[in-house]
Each structure stands twice: as structure tokens, then as C-alpha cells.
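Have a look at work.csv; it's CSV, N, CA and C atoms:
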```
chain,number,residue,atom,x,y,z
C,194,MET,N,-0.3,-13.7,-0.1
C,194,MET,CA,0.2,-12.4,0.3
C,194,MET,C,-0.2,-12.2,1.7
C,195,ALA,N,0.7,-11.7,2.6
C,195,ALA,CA,0.3,-11.5,4.0
C,195,ALA,C,0.7,-10.0,4.3
C,196,TYR,N,-0.2,-9.4,5.0
C,196,TYR,CA,0.1,-8.0,5.4
C,196,TYR,C,0.1,-8.0,6.9
C,197,ALA,N,1.2,-7.5,7.5
C,197,ALA,CA,1.3,-7.5,9.0
C,197,ALA,C,1.4,-6.0,9.4
C,198,GLU,N,0.3,-5.5,10.0
C,198,GLU,CA,0.4,-4.2,10.5
C,198,GLU,C,0.8,-4.4,12.0
C,199,ILE,N,1.9,-3.8,12.3
C,199,ILE,CA,2.5,-4.0,13.7
C,199,ILE,C,2.0,-2.8,14.5
C,200,LYS,N,1.2,-3.1,15.5
C,200,LYS,CA,0.7,-2.1,16.4
C,200,LYS,C,1.5,-2.0,17.7
C,201,GLU,N,2.1,-3.1,18.1
C,201,GLU,CA,3.1,-3.1,19.2
C,201,GLU,C,3.9,-4.4,19.1
C,202,GLY,N,5.1,-4.4,19.6
C,202,GLY,CA,5.9,-5.6,19.5
C,202,GLY,C,7.2,-5.4,18.7
C,203,ASP,N,7.9,-6.4,18.6
C,203,ASP,CA,9.2,-6.4,18.0
C,203,ASP,C,9.1,-6.8,16.5
C,204,PRO,N,9.4,-5.9,15.6
C,204,PRO,CA,9.3,-6.3,14.2
C,204,PRO,C,10.1,-7.5,13.8
C,205,ALA,N,11.2,-7.8,14.5
C,205,ALA,CA,12.0,-9.0,14.1
C,205,ALA,C,11.2,-10.2,14.5
C,206,GLU,N,10.5,-10.2,15.6
C,206,GLU,CA,9.7,-11.4,15.9
C,206,GLU,C,8.5,-11.6,14.9
C,207,VAL,N,7.9,-10.5,14.4
C,207,VAL,CA,6.9,-10.6,13.4
C,207,VAL,C,7.5,-11.2,12.2
C,208,ARG,N,8.6,-10.7,11.8
C,208,ARG,CA,9.3,-11.2,10.6
C,208,ARG,C,9.6,-12.6,10.7
C,209,ASP,N,10.2,-13.1,11.9
C,209,ASP,CA,10.5,-14.5,12.1
C,209,ASP,C,9.3,-15.4,12.1
C,210,LEU,N,8.2,-14.9,12.6
C,210,LEU,CA,7.0,-15.6,12.6
C,210,LEU,C,6.5,-16.0,11.2
C,211,LEU,N,6.6,-15.0,10.3
C,211,LEU,CA,6.3,-15.2,8.9
C,211,LEU,C,7.3,-16.0,8.2
C,212,ALA,N,8.5,-15.9,8.5
C,212,ALA,CA,9.6,-16.6,7.9
C,212,ALA,C,9.5,-18.1,8.1
C,213,VAL,N,9.2,-18.5,9.4
C,213,VAL,CA,9.0,-19.9,9.7
C,213,VAL,C,7.9,-20.6,9.0
C,214,ARG,N,6.9,-19.8,8.7
C,214,ARG,CA,5.7,-20.3,7.9
C,214,ARG,C,5.9,-20.2,6.4
C,215,GLY,N,7.1,-19.8,6.0
C,215,GLY,CA,7.3,-19.7,4.6
C,215,GLY,C,6.6,-18.5,3.9
C,216,MET,N,6.2,-17.5,4.7
C,216,MET,CA,5.4,-16.4,4.1
C,216,MET,C,6.2,-15.1,3.9
C,217,LEU,N,7.4,-15.1,4.3
C,217,LEU,CA,8.2,-13.8,4.3
C,217,LEU,C,8.3,-13.2,2.9
C,218,LYS,N,8.6,-14.1,1.9
C,218,LYS,CA,8.8,-13.6,0.6
C,218,LYS,C,7.7,-12.7,0.1
C,219,GLU,N,6.4,-13.1,0.4
C,219,GLU,CA,5.3,-12.3,-0.1
C,219,GLU,C,4.7,-11.4,0.9
C,220,ALA,N,5.2,-11.4,2.1
C,220,ALA,CA,4.7,-10.6,3.2
C,220,ALA,C,5.2,-9.1,3.1
C,221,TRP,N,4.4,-8.2,3.7
C,221,TRP,CA,4.9,-6.9,3.8
C,221,TRP,C,4.3,-6.3,5.1
C,222,THR,N,4.9,-5.2,5.6
C,222,THR,CA,4.5,-4.7,6.9
C,222,THR,C,4.4,-3.1,6.9
C,223,PHE,N,3.7,-2.7,7.8
C,223,PHE,CA,3.5,-1.2,8.1
C,223,PHE,C,3.1,-1.0,9.5
C,224,SER,N,3.4,0.2,10.0
C,224,SER,CA,3.0,0.5,11.4
C,224,SER,C,2.7,2.0,11.4
C,225,PHE,N,1.6,2.4,12.1
C,225,PHE,CA,1.4,3.8,12.3
C,225,PHE,C,2.3,4.4,13.3
C,226,ASP,N,3.0,3.6,14.1
C,226,ASP,CA,3.9,4.0,15.1
C,226,ASP,C,5.3,4.3,14.5
C,227,GLN,N,5.8,5.5,14.6
C,227,GLN,CA,7.0,5.9,13.9
C,227,GLN,C,8.2,5.1,14.5
C,228,ALA,N,8.2,4.8,15.8
C,228,ALA,CA,9.3,4.1,16.4
C,228,ALA,C,9.4,2.6,15.8
C,229,ILE,N,8.2,2.0,15.6
C,229,ILE,CA,8.1,0.7,15.1
C,229,ILE,C,8.6,0.7,13.6
C,230,ARG,N,8.2,1.7,12.9
C,230,ARG,CA,8.7,1.8,11.5
C,230,ARG,C,10.2,1.9,11.5
C,231,ALA,N,10.8,2.7,12.3
C,231,ALA,CA,12.2,2.9,12.4
C,231,ALA,C,12.9,1.6,12.8
C,232,ALA,N,12.3,0.9,13.8
C,232,ALA,CA,12.9,-0.4,14.2
C,232,ALA,C,12.9,-1.4,13.1
C,233,THR,N,11.8,-1.4,12.3
C,233,THR,CA,11.7,-2.3,11.2
C,233,THR,C,12.7,-2.1,10.2
C,234,ARG,N,12.9,-0.8,9.8
C,234,ARG,CA,14.0,-0.5,8.9
C,234,ARG,C,15.4,-0.9,9.4
C,235,ALA,N,15.6,-0.7,10.7
C,235,ALA,CA,17.0,-1.0,11.2
C,235,ALA,C,17.2,-2.4,11.5
C,236,LYS,N,16.2,-3.1,12.0
C,236,LYS,CA,16.4,-4.5,12.5
C,236,LYS,C,16.1,-5.6,11.4
C,237,VAL,N,15.2,-5.3,10.6
C,237,VAL,CA,14.7,-6.3,9.6
C,237,VAL,C,14.6,-5.8,8.2
C,238,PRO,N,15.7,-5.4,7.6
C,238,PRO,CA,15.7,-4.8,6.3
C,238,PRO,C,15.1,-5.7,5.2
C,239,ASP,N,15.1,-7.0,5.4
C,239,ASP,CA,14.5,-7.9,4.4
C,239,ASP,C,13.0,-8.0,4.5
C,240,PHE,N,12.4,-7.4,5.4
C,240,PHE,CA,10.9,-7.4,5.6
C,240,PHE,C,10.4,-6.2,4.7
C,241,ARG,N,9.7,-6.5,3.7
C,241,ARG,CA,9.1,-5.5,2.8
C,241,ARG,C,8.2,-4.6,3.5
C,242,ARG,N,8.5,-3.3,3.3
C,242,ARG,CA,7.8,-2.2,4.1
C,242,ARG,C,7.0,-1.4,3.1
C,243,MET,N,5.8,-1.0,3.7
C,243,MET,CA,4.9,0.0,3.0
C,243,MET,C,5.1,1.3,3.7
C,244,VAL,N,5.0,2.4,3.0
C,244,VAL,CA,4.9,3.7,3.5
C,244,VAL,C,3.6,4.4,3.0
C,245,LEU,N,3.1,5.3,3.8
C,245,LEU,CA,2.0,6.1,3.3
C,245,LEU,C,2.5,7.3,2.6
C,246,PHE,N,1.9,7.7,1.5
C,246,PHE,CA,2.4,8.9,0.8
C,246,PHE,C,2.2,10.1,1.7
C,247,GLU,N,1.2,10.1,2.5
C,247,GLU,CA,0.9,11.3,3.4
C,247,GLU,C,2.0,11.4,4.5
C,248,HIS,N,2.7,10.3,4.8
C,248,HIS,CA,3.8,10.3,5.7
C,248,HIS,C,5.1,10.8,5.1
C,249,VAL,N,5.4,10.4,3.9
C,249,VAL,CA,6.7,10.7,3.2
C,249,VAL,C,6.6,11.9,2.3
C,250,GLY,N,5.4,12.2,1.7
C,250,GLY,CA,5.2,13.4,0.9
C,250,GLY,C,5.8,13.3,-0.5
C,251,SER,N,6.5,12.3,-0.9
C,251,SER,CA,7.0,12.2,-2.2
C,251,SER,C,7.5,10.8,-2.5
C,252,VAL,N,7.5,10.4,-3.8
C,252,VAL,CA,8.0,9.1,-4.2
C,252,VAL,C,9.5,9.0,-3.8
C,253,ALA,N,10.2,10.1,-4.1
C,253,ALA,CA,11.7,10.0,-3.8
C,253,ALA,C,11.9,9.7,-2.3
C,254,ARG,N,11.1,10.3,-1.4
C,254,ARG,CA,11.3,10.0,0.0
C,254,ARG,C,10.9,8.5,0.3
C,255,ALA,N,9.9,8.0,-0.4
C,255,ALA,CA,9.5,6.6,-0.2
C,255,ALA,C,10.7,5.7,-0.6
C,256,VAL,N,11.3,6.0,-1.7
C,256,VAL,CA,12.5,5.3,-2.1
C,256,VAL,C,13.6,5.4,-1.1
C,257,ALA,N,13.9,6.6,-0.6
C,257,ALA,CA,14.9,6.8,0.3
C,257,ALA,C,14.7,6.0,1.6
C,258,HIS,N,13.4,5.8,2.0
C,258,HIS,CA,13.1,5.0,3.1
C,258,HIS,C,13.2,3.5,2.8
C,259,GLU,N,13.6,3.2,1.6
C,259,GLU,CA,13.7,1.8,1.2
C,259,GLU,C,12.4,1.0,1.2
C,260,ALA,N,11.3,1.8,1.0
C,260,ALA,CA,10.0,1.1,0.9
C,260,ALA,C,9.8,0.3,-0.3
C,261,ARG,N,8.9,-0.7,-0.3
C,261,ARG,CA,8.6,-1.5,-1.5
C,261,ARG,C,7.2,-1.2,-2.0
C,262,ILE,N,6.4,-0.6,-1.1
C,262,ILE,CA,5.0,-0.3,-1.4
C,262,ILE,C,4.7,1.1,-0.9
C,263,ILE,N,4.0,1.8,-1.7
C,263,ILE,CA,3.5,3.1,-1.3
C,263,ILE,C,2.0,3.2,-1.4
C,264,GLU,N,1.4,3.6,-0.3
C,264,GLU,CA,-0.1,3.7,-0.3
C,264,GLU,C,-0.6,5.1,-0.4
C,265,PHE,N,-1.4,5.3,-1.4
C,265,PHE,CA,-2.1,6.6,-1.6
C,265,PHE,C,-3.5,6.5,-1.0
C,266,ASN,N,-4.1,7.7,-0.9
C,266,ASN,CA,-5.6,7.7,-0.6
C,266,ASN,C,-6.2,8.6,-1.5
C,267,GLU,N,-7.5,8.8,-1.4
C,267,GLU,CA,-8.3,9.6,-2.4
C,267,GLU,C,-7.9,11.0,-2.4
C,268,HIS,N,-7.2,11.5,-1.4
C,268,HIS,CA,-6.8,12.9,-1.4
C,268,HIS,C,-5.5,13.2,-2.1
C,269,ASN,N,-4.6,12.2,-2.2
C,269,ASN,CA,-3.3,12.4,-2.8
C,269,ASN,C,-3.0,11.6,-4.0
C,270,LEU,N,-3.9,10.8,-4.5
C,270,LEU,CA,-3.6,10.0,-5.7
C,270,LEU,C,-3.8,10.8,-7.0
C,271,THR,N,-2.8,10.8,-7.8
C,271,THR,CA,-2.9,11.3,-9.2
C,271,THR,C,-2.2,10.2,-10.1
C,272,GLU,N,-2.6,10.3,-11.3
C,272,GLU,CA,-2.1,9.4,-12.3
C,272,GLU,C,-0.5,9.6,-12.4
C,273,GLU,N,-0.1,10.8,-12.3
C,273,GLU,CA,1.3,11.1,-12.4
C,273,GLU,C,2.1,10.5,-11.2
C,274,LEU,N,1.6,10.7,-10.0
C,274,LEU,CA,2.3,10.1,-8.9
C,274,LEU,C,2.3,8.6,-8.9
C,275,ALA,N,1.2,8.0,-9.3
C,275,ALA,CA,1.2,6.5,-9.4
C,275,ALA,C,2.2,6.0,-10.4
C,276,ALA,N,2.3,6.7,-11.6
C,276,ALA,CA,3.3,6.3,-12.6
C,276,ALA,C,4.7,6.5,-12.1
C,277,GLU,N,4.9,7.7,-11.4
C,277,GLU,CA,6.3,7.9,-10.9
C,277,GLU,C,6.7,6.8,-9.9
C,278,ALA,N,5.7,6.4,-9.1
C,278,ALA,CA,6.0,5.4,-8.1
C,278,ALA,C,6.4,4.0,-8.8
C,279,ARG,N,5.6,3.7,-9.8
C,279,ARG,CA,5.9,2.4,-10.5
C,279,ARG,C,7.2,2.5,-11.2
C,280,GLN,N,7.5,3.6,-11.8
C,280,GLN,CA,8.8,3.8,-12.5
C,280,GLN,C,10.0,3.7,-11.5
C,281,ALA,N,9.7,4.1,-10.2
C,281,ALA,CA,10.7,4.0,-9.2
C,281,ALA,C,10.8,2.5,-8.6
C,282,GLY,N,10.0,1.6,-9.1
C,282,GLY,CA,10.0,0.3,-8.6
C,282,GLY,C,9.1,0.0,-7.4
C,283,LEU,N,8.3,0.9,-7.1
C,283,LEU,CA,7.4,0.7,-5.9
C,283,LEU,C,6.1,0.0,-6.4
C,284,ILE,N,5.5,-0.8,-5.5
C,284,ILE,CA,4.2,-1.3,-5.8
C,284,ILE,C,3.2,-0.2,-5.3
C,285,THR,N,2.2,0.1,-6.1
C,285,THR,CA,1.3,1.1,-5.7
C,285,THR,C,0.0,0.5,-5.1
C,286,GLN,N,-0.4,1.1,-4.0
C,286,GLN,CA,-1.6,0.7,-3.3
C,286,GLN,C,-2.5,1.9,-3.0
C,287,MET,N,-3.8,1.7,-2.8
C,287,MET,CA,-4.7,2.8,-2.4
C,287,MET,C,-5.5,2.3,-1.3
C,288,PHE,N,-5.7,3.1,-0.3
C,288,PHE,CA,-6.6,2.9,0.8
C,288,PHE,C,-7.8,3.8,0.6
C,289,TYR,N,-9.0,3.2,0.6
C,289,TYR,CA,-10.2,4.0,0.5
C,289,TYR,C,-11.3,3.3,1.2
C,290,ALA,N,-12.0,3.9,2.2
C,290,ALA,CA,-13.0,3.3,2.9
C,290,ALA,C,-14.4,3.6,2.4
C,291,GLY,N,-14.5,4.5,1.4
C,291,GLY,CA,-15.8,4.9,0.9
C,291,GLY,C,-16.2,4.1,-0.3
C,292,ASP,N,-17.3,4.6,-0.9
C,292,ASP,CA,-17.8,3.8,-2.1
C,292,ASP,C,-18.1,4.7,-3.3
C,293,ASP,N,-17.4,5.9,-3.4
C,293,ASP,CA,-17.6,6.8,-4.5
C,293,ASP,C,-16.9,6.2,-5.7
C,294,ARG,N,-17.8,6.0,-6.7
C,294,ARG,CA,-17.3,5.4,-7.9
C,294,ARG,C,-16.2,6.2,-8.6
C,295,SER,N,-16.3,7.5,-8.5
C,295,SER,CA,-15.3,8.3,-9.2
C,295,SER,C,-13.9,8.1,-8.6
C,296,VAL,N,-13.8,7.8,-7.3
C,296,VAL,CA,-12.5,7.5,-6.6
C,296,VAL,C,-12.0,6.2,-7.2
C,297,PHE,N,-12.8,5.2,-7.3
C,297,PHE,CA,-12.4,3.9,-7.9
C,297,PHE,C,-12.0,4.1,-9.3
C,298,GLU,N,-12.7,4.9,-10.1
C,298,GLU,CA,-12.3,5.2,-11.5
C,298,GLU,C,-10.9,5.8,-11.5
C,299,ARG,N,-10.6,6.7,-10.6
C,299,ARG,CA,-9.3,7.3,-10.6
C,299,ARG,C,-8.2,6.3,-10.3
C,300,ALA,N,-8.5,5.4,-9.4
C,300,ALA,CA,-7.6,4.3,-9.0
C,300,ALA,C,-7.3,3.4,-10.2
C,301,VAL,N,-8.3,3.0,-10.9
C,301,VAL,CA,-8.2,2.1,-12.0
C,301,VAL,C,-7.4,2.8,-13.1
C,302,ARG,N,-7.8,4.1,-13.4
C,302,ARG,CA,-7.1,4.8,-14.5
C,302,ARG,C,-5.6,5.1,-14.1
C,303,SER,N,-5.3,5.2,-12.8
C,303,SER,CA,-4.0,5.5,-12.4
C,303,SER,C,-3.1,4.2,-12.4
C,304,GLY,N,-3.8,3.1,-12.6
C,304,GLY,CA,-3.0,1.8,-12.6
C,304,GLY,C,-2.6,1.3,-11.2
C,305,ILE,N,-3.4,1.6,-10.2
C,305,ILE,CA,-3.1,1.2,-8.9
C,305,ILE,C,-3.1,-0.4,-8.8
C,306,GLU,N,-2.0,-0.9,-8.2
C,306,GLU,CA,-1.9,-2.4,-8.3
C,306,GLU,C,-2.5,-3.1,-7.2
C,307,GLN,N,-2.7,-2.5,-6.0
C,307,GLN,CA,-3.3,-3.1,-4.9
C,307,GLN,C,-4.3,-2.2,-4.3
C,308,MET,N,-5.5,-2.7,-3.8
C,308,MET,CA,-6.5,-1.9,-3.2
C,308,MET,C,-6.7,-2.4,-1.7
C,309,ASN,N,-6.8,-1.4,-0.8
C,309,ASN,CA,-7.2,-1.6,0.6
C,309,ASN,C,-8.5,-1.0,0.7
C,310,ILE,N,-9.6,-1.7,0.5
C,310,ILE,CA,-11.0,-1.1,0.4
C,310,ILE,C,-12.0,-1.9,1.1
C,311,ASP,N,-13.2,-1.3,1.4
C,311,ASP,CA,-14.3,-1.9,2.0
C,311,ASP,C,-15.3,-2.4,1.0
C,312,HIS,N,-15.4,-1.7,-0.1
C,312,HIS,CA,-16.5,-1.9,-1.1
C,312,HIS,C,-16.0,-2.6,-2.3
C,313,VAL,N,-15.7,-3.9,-2.2
C,313,VAL,CA,-15.0,-4.6,-3.3
C,313,VAL,C,-16.0,-4.7,-4.5
C,314,GLU,N,-17.2,-5.0,-4.3
C,314,GLU,CA,-18.2,-5.2,-5.4
C,314,GLU,C,-18.2,-3.9,-6.2
C,315,THR,N,-18.3,-2.8,-5.6
C,315,THR,CA,-18.4,-1.5,-6.4
C,315,THR,C,-17.1,-1.3,-7.1
C,316,PHE,N,-15.9,-1.6,-6.5
C,316,PHE,CA,-14.7,-1.4,-7.2
C,316,PHE,C,-14.6,-2.4,-8.4
C,317,ARG,N,-15.0,-3.6,-8.2
C,317,ARG,CA,-14.9,-4.6,-9.3
C,317,ARG,C,-15.9,-4.2,-10.5
C,318,ALA,N,-17.0,-3.6,-10.2
C,318,ALA,CA,-17.9,-3.1,-11.2
C,318,ALA,C,-17.3,-2.0,-12.0
C,319,VAL,N,-16.6,-1.1,-11.3
C,319,VAL,CA,-15.9,0.0,-12.0
C,319,VAL,C,-14.8,-0.6,-12.9
C,320,GLU,N,-14.1,-1.5,-12.4
C,320,GLU,CA,-13.0,-2.2,-13.2
C,320,GLU,C,-13.6,-2.8,-14.5
C,321,ARG,N,-14.7,-3.5,-14.3
C,321,ARG,CA,-15.3,-4.1,-15.5
C,321,ARG,C,-15.8,-3.1,-16.5
C,322,GLU,N,-16.4,-2.0,-16.0
C,322,GLU,CA,-16.9,-1.0,-16.9
C,322,GLU,C,-15.8,-0.3,-17.7
C,323,LEU,N,-14.7,0.0,-17.0
C,323,LEU,CA,-13.6,0.7,-17.6
C,323,LEU,C,-12.8,-0.2,-18.6
C,324,ALA,N,-12.9,-1.5,-18.4
C,324,ALA,CA,-12.2,-2.5,-19.3
C,324,ALA,C,-13.0,-2.8,-20.5
C,325,THR,N,-14.3,-2.5,-20.5
C,325,THR,CA,-15.2,-2.8,-21.6
C,325,THR,C,-15.1,-1.6,-22.6
C,326,PRO,N,-14.8,-1.9,-23.8
C,326,PRO,CA,-14.7,-0.9,-24.8
C,326,PRO,C,-16.1,-0.3,-25.1
C,327,THR,N,-16.1,1.0,-25.3
C,327,THR,CA,-17.4,1.7,-25.6
C,327,THR,C,-17.6,2.0,-27.1
```
Is it possible to express this structure as C-alpha cells?
Amino acid sequence: MAYAEIKEGDPAEVRDLLAVRGMLKEAWTFSFDQAIRAATRAKVPDFRRMVLFEHVGSVARAVAHEARIIEFNEHNLTEELAAEARQAGLITQMFYAGDDRSVFERAVRSGIEQMNIDHVETFRAVERELATPT
């Protein structure tokens, strides 16, 4: 899987770069720059796009933006929103730079499919603990 965060440049060129390497099918993109996000939607609709929940404000808007991935953070993730996103066909992801175990527990209980994190070991320990029957 390849993640291409476009900070500047032409999204079509980034898409083509991945396509020639046989990586486009599993690749996805995002940009914090609104103009680049709009250009990606318009110029390269086959490039899987991620949206931030905090940018779109709802799962319905993520779907309307033709996103394939929706990223939550610790402030807006709920089990209900994650379930709604999956039911809408979106891949759920969470960004979290901290190491608070309760945030990781919420992500696991919510069924988040992808994690964008710094503290992998802590997350994996929480996953194992929650998977072990008590």
C-alpha cells in the first residue's frame, strides 16, 4: 500500500508515477491544500482519495466527495461514526500522535481498519489485550 500526501505539484503526475510502478491500485492520496484536493477529484478520479472527517463533517459528505478513505482523530471518532463509514463503503482510518491507551482502545472497539500513529507498540499491546478473552 502506498500513501501519497501531495504538498505541491500536479496530482495527475503523482498518479502516473504510481501507475507506471504498478502501485496505483493500492495507492491513495490526500492533501491539506484544498486546491490540490479539488484538482485530484477533477483530474484523476481513479486515484483513491482520503478525506479528513474534520474537513467534511459527516460520512455523507465524504461519500459525496467520492472519497474511499475517511480519517478520524481522537476528537471525532465514535463507534457509531466508524460503523456508518464502513456501511457507506469507506475504509476507516485514525490519525493519533499520542500514546494514550484509552484512545487506542476506542479505535480498536470502533473497528478502525487503518492507523496513522507514532506509538505502534502501545497500539499493538492494546489490540492484543482486547482480543484476549477475560
Q) Any idea what's packed within 8 Å of Leu323 of chain C, counting only N, CA and C atoms, ignoring anything in its chain fewer than 5 positions away? Could you give it as an MDAnalysis selection string? A) chainID C and resid 298 301:302 317:318
Atoms kept (N, CA and C atoms) for selection, written as a short mmCIF file (atom, residue, chain, number, x, y, z; two decimals), in the coordinates of the input:
```
data_model
loop_
_atom_site.label_atom_id
_atom_site.label_comp_id
_atom_site.auth_asym_id
_atom_site.auth_seq_id
_atom_site.Cartn_x
_atom_site.Cartn_y
_atom_site.Cartn_z
N GLU C 298 -12.70 4.90 -10.10
CA GLU C 298 -12.30 5.20 -11.50
C GLU C 298 -10.90 5.80 -11.50
N VAL C 301 -8.30 3.00 -10.90
CA VAL C 301 -8.20 2.10 -12.00
C VAL C 301 -7.40 2.80 -13.10
N ARG C 302 -7.80 4.10 -13.40
CA ARG C 302 -7.10 4.80 -14.50
C ARG C 302 -5.60 5.10 -14.10
N ARG C 317 -15.00 -3.60 -8.20
CA ARG C 317 -14.90 -4.60 -9.30
C ARG C 317 -15.90 -4.20 -10.50
N ALA C 318 -17.00 -3.60 -10.20
CA ALA C 318 -17.90 -3.10 -11.20
C ALA C 318 -17.30 -2.00 -12.00
#
```
Q: Just the strand (DSSP E or B) stuff from chain C, please, per backbone DSSP, written as an MDAnalysis selection string.
A: chainID C and resid 195:198 220:223 241:245 262:266 284:289 307:310
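Counting from atom CA of Met216 of chain C, the distance to atom CA of Glu314 of chain C is 27.8 Å.
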Q | Contact residues around Glu198 of chain C with only N, CA and C atoms at 6 Å, ignoring same-chain residues under 4 positions, as a PyMOL selection string | A | chain C and resi 222-224
Q: Have a look at C:Thr271, C:Thr233, C:Thr285, C:Ser295 and name the one nearest to Pro204 of chain C; count only N, CA and C atoms.
A: C:Thr233
(Q) Counting all atoms listed in the file, which residue out of C:Ile262, C:Leu217, C:Met194, C:Leu210 sits closest to Met243 of chain C? (A) C:Ile262
Q.
Would you pick out the contacts of Gly304 of chain C at 7 Å or less, using only N, CA and C atoms, so that residues sharing its chain but fewer than 3 positions from it are not included, and give the list as a ChimeraX atom specification?
A. /C:272,275,285,299-301,307
Residues from the last selection, N, CA and C atoms, saved as a JSON list (two decimals), in the coordinates of the input:
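To be explicit, this is the file written out as result-v1.json:
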```
[["chain", "number", "residue", "atom", "x", "y", "z"],
["C", 272, "GLU", "N", -2.60, 10.30, -11.30],
["C", 272, "GLU", "CA", -2.10, 9.40, -12.30],
["C", 272, "GLU", "C", -0.50, 9.60, -12.40],
["C", 275, "ALA", "N", 1.20, 8.00, -9.30],
["C", 275, "ALA", "CA", 1.20, 6.50, -9.40],
["C", 275, "ALA", "C", 2.20, 6.00, -10.40],
["C", 285, "THR", "N", 2.20, 0.10, -6.10],
["C", 285, "THR", "CA", 1.30, 1.10, -5.70],
["C", 285, "THR", "C", 0.00, 0.50, -5.10],
["C", 299, "ARG", "N", -10.60, 6.70, -10.60],
["C", 299, "ARG", "CA", -9.30, 7.30, -10.60],
["C", 299, "ARG", "C", -8.20, 6.30, -10.30],
["C", 300, "ALA", "N", -8.50, 5.40, -9.40],
["C", 300, "ALA", "CA", -7.60, 4.30, -9.00],
["C", 300, "ALA", "C", -7.30, 3.40, -10.20],
["C", 301, "VAL", "N", -8.30, 3.00, -10.90],
["C", 301, "VAL", "CA", -8.20, 2.10, -12.00],
["C", 301, "VAL", "C", -7.40, 2.80, -13.10],
["C", 307, "GLN", "N", -2.70, -2.50, -6.00],
["C", 307, "GLN", "CA", -3.30, -3.10, -4.90],
["C", 307, "GLN", "C", -4.30, -2.20, -4.30]]
```
Q. So which residues touch Phe288 of chain C within 8 Å, counting only N, CA and C atoms, skipping near sequence neighbours fewer than 2 positions away, as a list in words?
A. Ile263, Glu264, Phe265, Asn266, Glu267, His268, Thr285, Gln286, Ala290, Gly291, Gln307, Met308, Asn309, Ile310 and Asp311 of chain C
Q. Looking only at the backbone, which of the residues in chain C does DSSP tag as alpha helix (DSSP H), as a ChimeraX atom specification?
A. /C:204-213,227-236,246-249,252-257,272-280,294-303,313-324
(Q) List as a ChimeraX atom specification the protein and nucleic acid residues near Ala281 of chain C, meaning an atom at most 8 Å away when all atoms listed in the file are counted, but skip any in the same chain fewer than 3 places from it. (A) /C:252-253,256,275-278,284
